[in-house]
Structures are given as C-alpha cells and as structure tokens.
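Participant: My questions all concern the structure below.
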Amino acid sequence: MAKRFLFLLRRGPYDGLWTKECLDMLLTAAAFDQQVTVLFSDDGVFQLMSGQRPRGAGQRPFATFLGALSFYDVDALFVEMESLQERGLKVEQLVLPVQLVARNDVAALLDEQDVLVSC
Amino acid sequence: MKFAIQVNGSVFGSEAGDSAYQFIRAAIERGHEIVRVFFYHEGAYQGMAQVSPPDDEPNPVKRWSELVHECGTDLVICISAAQRRGLLDGHGDLQSGEAPVGRVAPGFRIGGLGQWVDACIRADRVLIFRP
Amino acid sequence: MAVLHVVSRSPWVSPSLQQCLHRARKGDAVLLSSDGVYAALGGSESARMLGAVLADGIDVYCLLPDLEKRGIVPSQLGEGLETVDYDGFVDLAVRLPRSCSW
C-alpha cells in the first residue's frame with residue numbers, strides 16, 4: 001500500500017540547488033506510486049510566482065520544473081494562506097492552481113501523512 | 001522499529017552528520033534497525049574519501065566507514081547529488097551501486113533517489129537530519 | 001497521531017523555530033538540537049514562546065549533549081523544558097509516528 005508523503009516546500013526557488021533537489025525527491029516518490037501532497041509555505045510560495053525570468057545560460061524559470069508535477073499526477077497542491085498574505089502575494093499571481101489552507105489547519109494536514117519532508 | 005535516515009549536511013558545514021551518527025548508534029544500541037542512511041543535498045560530501053582533517057581532530061567520514069564495518073549499515077550517497085558536486089568522475093557510465101575507487105569512502109555505495117523512497121516505504125520511522 | 005518536530009537552528013539566525021511552532025499542535029513534541037538548543041535559554045523571547053506551547057500541550061525537549069557542548073546547564077533553561085540524551089531522542093522518534101525537521 002502506498003505511503004502518504006507530504007513535502008513542505010519552504011524556501012525560495014533560487015536558493016542554490018536545495019529546492020530543485022527537493023522537487024526531484026518529491027517526483028521520485030510520485031514515480032514510485034506513493035501518495036504525494038505538496039504544501040508551499042513560508043518562502044516556498046515564491047516558487048509559484050508568475051513572471052520569473054532568470055538570466056544566464058541554462059537558467060530556466062523554476063515554474064518550468066513545477067510543470068512536472070502534473071506529469072506525475074501530483075495534484076494535491078496546497079498553499080498556506082498566511083504565507084501568501086505575509087509576503088503581499090495573491091493567489092492570482094501564482095502559476096499553478098492550488099488549494100489554500102489556513103495556518104491553523106496545517107497541523108491537521110501533517111497528521112494525515114506517513115512521511116514528512118520539510119524542504 | 002525500522003528507521004530510514006536522510007543526511008543533508010556536509011561534513012564540516014553543520015552538525016547534521018554528527019547528530020545523525022549519534023542517533024543511529026543509539027538506535028542500534030537500543031535494538032532498532034536502520035534500513036538505510038541516504039545522503040542527499042550537501043550530505044553527499046559525507047562520503048568523500050579525500051576528507052583529511054588533522055590527526056588530532058575527528059574524521060567524520062572514517063566514522064561512517066567504521067559503522068558499516070561494525071554494523072553492516074547501508075549507506076547510500078545519492079548519485080545525482082554526488083554527480084553535481086564532483087564526487088564522481090565526469091559523466092561516466094556509473095551504474096547504481098558502483099563507486100569510483102578512491103573518490104568515495106569505503107562502505108558507502110551510490111544509488112538513486114529510488115533508494116530513499118524504498119527506504120521510506122520499508123521503514124516504520126523516517127528521520128531527516130538537515131543543516 | 002502526533003509529530004516530532006526537530007529544530008536545529010538558533011532562533012536568532014533562522015525563523016525555523018517560529019515556523020515550526022506555528023504548525024505544531026497538542027500532542028506533538030519539539031526537540032531542540034544543535035544550535036536550536038539556544039532557544040531554550042531562560043529569559044529569552046524564544047524560551048517565552050516555548051513556555052506558551054507547553055501550555056498548549058506540546059512537550060519541548062533539549063538534546064543534552066548539544067547543551068553540554070555549548071556550556072548550558074539544565075538550570076539555565078526556561079521553565080518546563082526537559083532534556084533528553086540520544087537514547088531519549090530515539091525513544092521520542094519511536095513514540096511519535098512521524099517527524100519533521102525544520
């Protein structure tokens with residue numbers, strides 16, 4: 001039986017390799033048919049901002065990588081409301097359709113999982 | 001209990017490796033099983049054979065090799081994390097499990113992220129040691 | 001079903017502790033390790049925050065070897081904060097079905 005993995009993505013998209021490697025881990029869990037949920041919180045909400053245009057050879061907007069989520073059927077995507085509000089962001093500025101979750105409800109979301117990976 | 005452990009800190013960049021090591025030793029002492037220790041992100045550096053602290057300082061890499069020797073613990077360095085960080089030679093035809101002689105410390109093996117997911121599936125508990 | 005939250009960074013360097021406490025709830029436990037143990041120093045704002053979560057039914061532990069390394073004795077800790085060694089850390093990980101490292 002598949003285990004329930006929750007990945008808390010809490011860092012910005014360009015903080016070294018960290019976030020990209022977390023995404024690789026998340027997608028591997030999905031490729032192994034595990035039940036994967038993603039929660040974007042704290043600076044992790046910046047990964048979803050539209051209009052990212054990194055310069056430099058080989059650099060791609062992080063949103064490009066997030067496109068793989070749907071390819072692997074990872075569609076349980078949550079964004080913590082307070083993380084958006086604290087950063088002056090609105091849902092309309094995000095590149096992916098997400099479900100909003102209140103901070104007070106995050107503990108309940110964590111309790112539904114078997115494995116928690118905080119990135 | 002069976003534990004899956006992930007180590008994300010480099011050898012001298014944080015206490016993550018030391019903390020993981022101490023936890024693993026205590027868990028084994030208390031009769032628990034370590035399914036796998038998976039070294040990811042900067043944790044890939046925990047397996048660098050060339051780490052060479054002064055003689056009067058601890059050698060964390062050697063300590064991991066000793067753990068394998070004494071307890072048979074499965075230590076896996078993520079192949080993509082290692083490749084990115086120059087632990088492996090170029091873009092060689094390394095198969096999962098192989099480790100270039102002299103680059104990776106004794107006792108470690110190289111494996112993909114699937115090894116981490118497999119460990120999580122098989123374990124009762126998952127712990128991640130991060131910087 | 002509860003969570004063992006592990007915080008290993010000083011609250012003056014990283015918001016990890018606060019971010020952790022925002023998402024913890026009654027029945028969870030928080031383990032302070034590495035520089036995270038500095039948060040437990042009595043009289044600090046972080047110790048006050050930890051005292052508040054104790055009142056919410058969240059246990060808070062400090063990893064004793066990391067306190068000793070830093071010259072902190074248990075009497076210097078905020079009220080109600082307990083210490084565990086690595087054996088105790090293992091027992092916490094066994095007792096609580098999932099962990100989250102901040």
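We name chains A, B, ... following the order of the structure tokens; residues begin at 1 in each chain, and ligands are numbered from 1 as shown.
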Could you pull out the residues in chain B that DSSP calls alpha helix (DSSP H) from the backbone, as a PyMOL selection string?
Facilitator: chain B and resi 16-29+60-71+79-84+113-122
Participant: Write the selection just made, keeping C-alpha atoms, as an mmCIF file, in the first residue's frame?
Facilitator:
data_model
loop_
_atom_site.group_PDB
_atom_site.id
_atom_site.type_symbol
_atom_site.label_atom_id
_atom_site.label_comp_id
_atom_site.auth_asym_id
_atom_site.auth_seq_id
_atom_site.Cartn_x
_atom_site.Cartn_y
_atom_site.Cartn_z
ATOM 1 C CA ALA B 16 23.662 17.268 10.826
ATOM 2 C CA GLY B 17 26.044 14.410 10.107
ATOM 3 C CA ASP B 18 27.220 14.128 13.685
ATOM 4 C CA SER B 19 23.675 14.236 15.002
ATOM 5 C CA ALA B 20 22.587 11.543 12.566
ATOM 6 C CA TYR B 21 25.543 9.360 13.501
ATOM 7 C CA GLN B 22 24.846 9.665 17.238
ATOM 8 C CA PHE B 23 21.154 8.900 16.680
ATOM 9 C CA ILE B 24 21.956 5.854 14.575
ATOM 10 C CA ARG B 25 24.388 4.475 17.126
ATOM 11 C CA ALA B 26 21.840 4.962 19.928
ATOM 12 C CA ALA B 27 19.086 3.362 17.842
ATOM 13 C CA ILE B 28 21.225 0.317 17.068
ATOM 14 C CA GLU B 29 22.213 0.037 20.740
ATOM 15 C CA PRO B 60 33.510 12.006 10.386
ATOM 16 C CA VAL B 61 33.896 10.159 7.079
ATOM 17 C CA LYS B 62 36.052 7.444 8.588
ATOM 18 C CA ARG B 63 33.479 7.093 11.354
ATOM 19 C CA TRP B 64 30.789 6.272 8.805
ATOM 20 C CA SER B 65 33.031 3.626 7.214
ATOM 21 C CA GLU B 66 33.589 2.127 10.658
ATOM 22 C CA LEU B 67 29.835 1.994 11.218
ATOM 23 C CA VAL B 68 29.430 -0.058 8.063
ATOM 24 C CA HIS B 69 32.253 -2.341 9.118
ATOM 25 C CA GLU B 70 30.828 -2.888 12.602
ATOM 26 C CA CYS B 71 27.092 -2.925 11.946
ATOM 27 C CA ILE B 79 24.066 9.535 -7.451
ATOM 28 C CA SER B 80 22.659 12.807 -8.828
ATOM 29 C CA ALA B 81 23.711 14.800 -5.743
ATOM 30 C CA ALA B 82 27.183 13.255 -5.974
ATOM 31 C CA GLN B 83 27.469 13.844 -9.710
ATOM 32 C CA ARG B 84 26.545 17.529 -9.389
ATOM 33 C CA LEU B 113 16.530 8.668 -5.183
ATOM 34 C CA GLY B 114 14.529 5.481 -5.557
ATOM 35 C CA GLN B 115 16.703 4.050 -2.793
ATOM 36 C CA TRP B 116 15.441 6.804 -0.488
ATOM 37 C CA VAL B 117 11.814 6.207 -1.379
ATOM 38 C CA ASP B 118 12.304 2.448 -0.962
ATOM 39 C CA ALA B 119 13.793 3.023 2.500
ATOM 40 C CA CYS B 120 10.820 5.191 3.493
ATOM 41 C CA ILE B 121 8.399 2.529 2.312
ATOM 42 C CA ARG B 122 10.156 -0.209 4.276
#
Participant: For a quick test of understanding: name the residues of chain A lying within 7 Å of chain C when counting only C-alpha atoms, and present them as a compact mmCIF listing (two decimals) with C-alpha atoms, in the first residue's frame.
Facilitator:
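After the write, out-v3.txt holds the following:
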# COMPACT_ATOMS: atom_id res chain seq x y z
CA ARG A 103 -2.10 28.02 9.01
CA VAL A 106 -1.68 22.76 8.62
CA ALA A 107 -1.14 20.62 11.73
CA ASP A 111 -1.18 14.43 10.90
CA ASP A 114 3.10 8.87 6.94
CA VAL A 115 6.26 10.72 5.89
CA LEU A 116 7.00 14.42 6.25
CA VAL A 117 9.80 16.04 4.26
CA SER A 118 10.45 19.67 5.07
Participant: Taking only C-alpha atoms into account, what are the residues of chain C at most 12 Å from chain B, put as a PyMOL selection string?
Facilitator: chain C and resi 3-10+14+16+32-36+63-66+69+85-102
Participant: I'd like the neighbourhood of Phe65 in chain A as a short mmCIF file (atom, residue, chain, number, x, y, z; two decimals) with N, CA and C atoms, in the first residue's frame, where a residue qualifies if any of its atoms comes within 10 Å (using only C-alpha atoms), though same-chain residues fewer than 2 positions away should be ignored.
Facilitator:
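Done, and the output landed in result_33.cif:
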data_model
loop_
_atom_site.label_atom_id
_atom_site.label_comp_id
_atom_site.auth_asym_id
_atom_site.auth_seq_id
_atom_site.Cartn_x
_atom_site.Cartn_y
_atom_site.Cartn_z
N LYS A 20 15.39 22.66 -5.99
CA LYS A 20 15.33 21.79 -7.17
C LYS A 20 15.51 20.33 -6.75
N LEU A 23 12.42 18.97 -5.18
CA LEU A 23 11.45 18.64 -6.22
C LEU A 23 11.78 17.27 -6.82
N ASP A 24 13.06 17.01 -7.06
CA ASP A 24 13.47 15.70 -7.60
C ASP A 24 13.02 14.57 -6.67
N GLN A 47 8.13 30.12 -5.07
CA GLN A 47 8.38 29.21 -6.19
C GLN A 47 7.26 29.32 -7.24
N ARG A 60 16.52 28.39 -16.12
CA ARG A 60 15.11 28.32 -16.50
C ARG A 60 14.26 28.80 -15.33
N PRO A 61 13.12 29.42 -15.62
CA PRO A 61 12.23 29.79 -14.51
C PRO A 61 11.85 28.54 -13.73
N PHE A 62 11.79 28.66 -12.44
CA PHE A 62 11.51 27.49 -11.63
C PHE A 62 10.16 26.87 -11.98
N ALA A 63 9.25 27.70 -12.42
CA ALA A 63 7.91 27.20 -12.78
C ALA A 63 7.99 26.10 -13.85
N GLY A 67 6.07 22.18 -13.72
CA GLY A 67 5.22 21.55 -14.72
C GLY A 67 5.24 20.04 -14.62
N ALA A 68 6.34 19.49 -14.09
CA ALA A 68 6.46 18.03 -13.96
C ALA A 68 5.46 17.47 -12.95
N LEU A 69 4.96 18.31 -12.07
CA LEU A 69 4.03 17.81 -11.04
C LEU A 69 2.82 17.16 -11.70
#
Participant: Could you work out how far CA of Glu80 in chain A lies from CA of Asn104 in chain A, giving the answer in Å with one decimal?
Facilitator: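 CA of Asn104 in chain A sits 9.5 Å away from CA of Glu80 in chain A.
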Participant: As a list in words, could you give me every residue of chain A near chain B (at most 8 Å apart, counting only C-alpha atoms)?
Facilitator: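 Output check: Ala2, Lys3, Leu17, Trp18, Glu21, Met25, Thr28, Ala29, Phe32, Val115 and Val117 of chain A.
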Participant: For those residues, write N, CA and C atoms to a file as an mmCIF file, in the first residue's frame.
Facilitator:
data_model
loop_
_atom_site.group_PDB
_atom_site.id
_atom_site.type_symbol
_atom_site.label_atom_id
_atom_site.label_comp_id
_atom_site.auth_asym_id
_atom_site.auth_seq_id
_atom_site.Cartn_x
_atom_site.Cartn_y
_atom_site.Cartn_z
ATOM 1 N N ALA A 2 0.465 2.250 -0.778
ATOM 2 C CA ALA A 2 1.257 3.468 -0.908
ATOM 3 C C ALA A 2 1.283 4.234 0.412
ATOM 4 N N LYS A 3 2.446 4.811 0.700
ATOM 5 C CA LYS A 3 2.527 5.682 1.883
ATOM 6 C C LYS A 3 2.161 7.102 1.469
ATOM 7 N N LEU A 17 20.793 24.785 -4.915
ATOM 8 C CA LEU A 17 20.160 23.614 -5.512
ATOM 9 C C LEU A 17 19.057 23.038 -4.644
ATOM 10 N N TRP A 18 18.939 23.554 -3.444
ATOM 11 C CA TRP A 18 18.100 22.913 -2.441
ATOM 12 C C TRP A 18 16.700 22.612 -2.957
ATOM 13 N N GLU A 21 16.437 20.103 -5.827
ATOM 14 C CA GLU A 21 16.668 18.722 -5.387
ATOM 15 C C GLU A 21 15.487 18.196 -4.573
ATOM 16 N N MET A 25 13.166 14.813 -5.369
ATOM 17 C CA MET A 25 12.805 13.802 -4.366
ATOM 18 C C MET A 25 11.297 13.554 -4.390
ATOM 19 N N THR A 28 10.245 11.653 -7.447
ATOM 20 C CA THR A 28 10.634 10.239 -7.347
ATOM 21 C C THR A 28 9.605 9.474 -6.516
ATOM 22 N N ALA A 29 9.171 10.089 -5.419
ATOM 23 C CA ALA A 29 8.147 9.438 -4.599
ATOM 24 C C ALA A 29 6.886 9.199 -5.431
ATOM 25 N N PHE A 32 7.253 6.414 -7.822
ATOM 26 C CA PHE A 32 7.159 5.131 -7.132
ATOM 27 C C PHE A 32 5.738 4.892 -6.622
ATOM 28 N N VAL A 115 4.889 10.195 5.982
ATOM 29 C CA VAL A 115 6.264 10.716 5.885
ATOM 30 C C VAL A 115 6.209 12.212 5.620
ATOM 31 N N VAL A 117 8.497 15.570 4.715
ATOM 32 C CA VAL A 117 9.802 16.036 4.265
ATOM 33 C C VAL A 117 9.728 17.551 4.176
#
Participant: Could you tell me, as a PDB file with C-alpha atoms, in the first residue's frame, which residues of chain C DSSP assigns to strand (DSSP E) when given the backbone?
Facilitator:
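The resulting file, selection.pdb, is shown below:
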ATOM      1  CA  VAL C   3       4.585  14.772  15.087  1.00  0.00           C
ATOM      2  CA  LEU C   4       8.111  15.035  16.468  1.00  0.00           C
ATOM      3  CA  HIS C   5       9.373  18.419  15.316  1.00  0.00           C
ATOM      4  CA  VAL C   6      13.141  18.814  15.282  1.00  0.00           C
ATOM      5  CA  VAL C   7      14.610  22.311  15.267  1.00  0.00           C
ATOM      6  CA  ALA C  29       6.718  17.240  20.687  1.00  0.00           C
ATOM      7  CA  VAL C  30       9.517  19.636  19.800  1.00  0.00           C
ATOM      8  CA  LEU C  31      13.140  18.559  20.090  1.00  0.00           C
ATOM      9  CA  LEU C  32      15.771  21.290  20.066  1.00  0.00           C
ATOM     10  CA  ASP C  59       6.249  18.864  25.033  1.00  0.00           C
ATOM     11  CA  VAL C  60       9.604  20.523  24.464  1.00  0.00           C
ATOM     12  CA  TYR C  61      12.911  18.696  24.818  1.00  0.00           C
ATOM     13  CA  CYS C  62      16.520  19.817  24.524  1.00  0.00           C
ATOM     14  CA  LEU C  63      19.220  17.421  23.394  1.00  0.00           C
ATOM     15  CA  GLU C  82      13.133  18.966  29.576  1.00  0.00           C
ATOM     16  CA  THR C  83      16.384  17.407  28.450  1.00  0.00           C
ATOM     17  CA  VAL C  84      16.966  14.096  26.687  1.00  0.00           C
ATOM     18  CA  ARG C  98       6.258  10.950  12.135  1.00  0.00           C
ATOM     19  CA  SER C  99       8.934  13.601  12.332  1.00  0.00           C
ATOM     20  CA  CYS C 100       9.504  16.943  10.661  1.00  0.00           C
ATOM     21  CA  SER C 101      12.883  18.685  10.623  1.00  0.00           C
TER      22      SER C 101
END
Participant: List the neighbours of Val38 in chain A out to 8 Å using only C-alpha atoms; skip same-chain residues closer than 6 positions along the sequence, and give me the result as a list in words.
Facilitator: Leu6, Phe7, Leu8, Leu9, Ala76, Leu77 and Phe78 of chain A
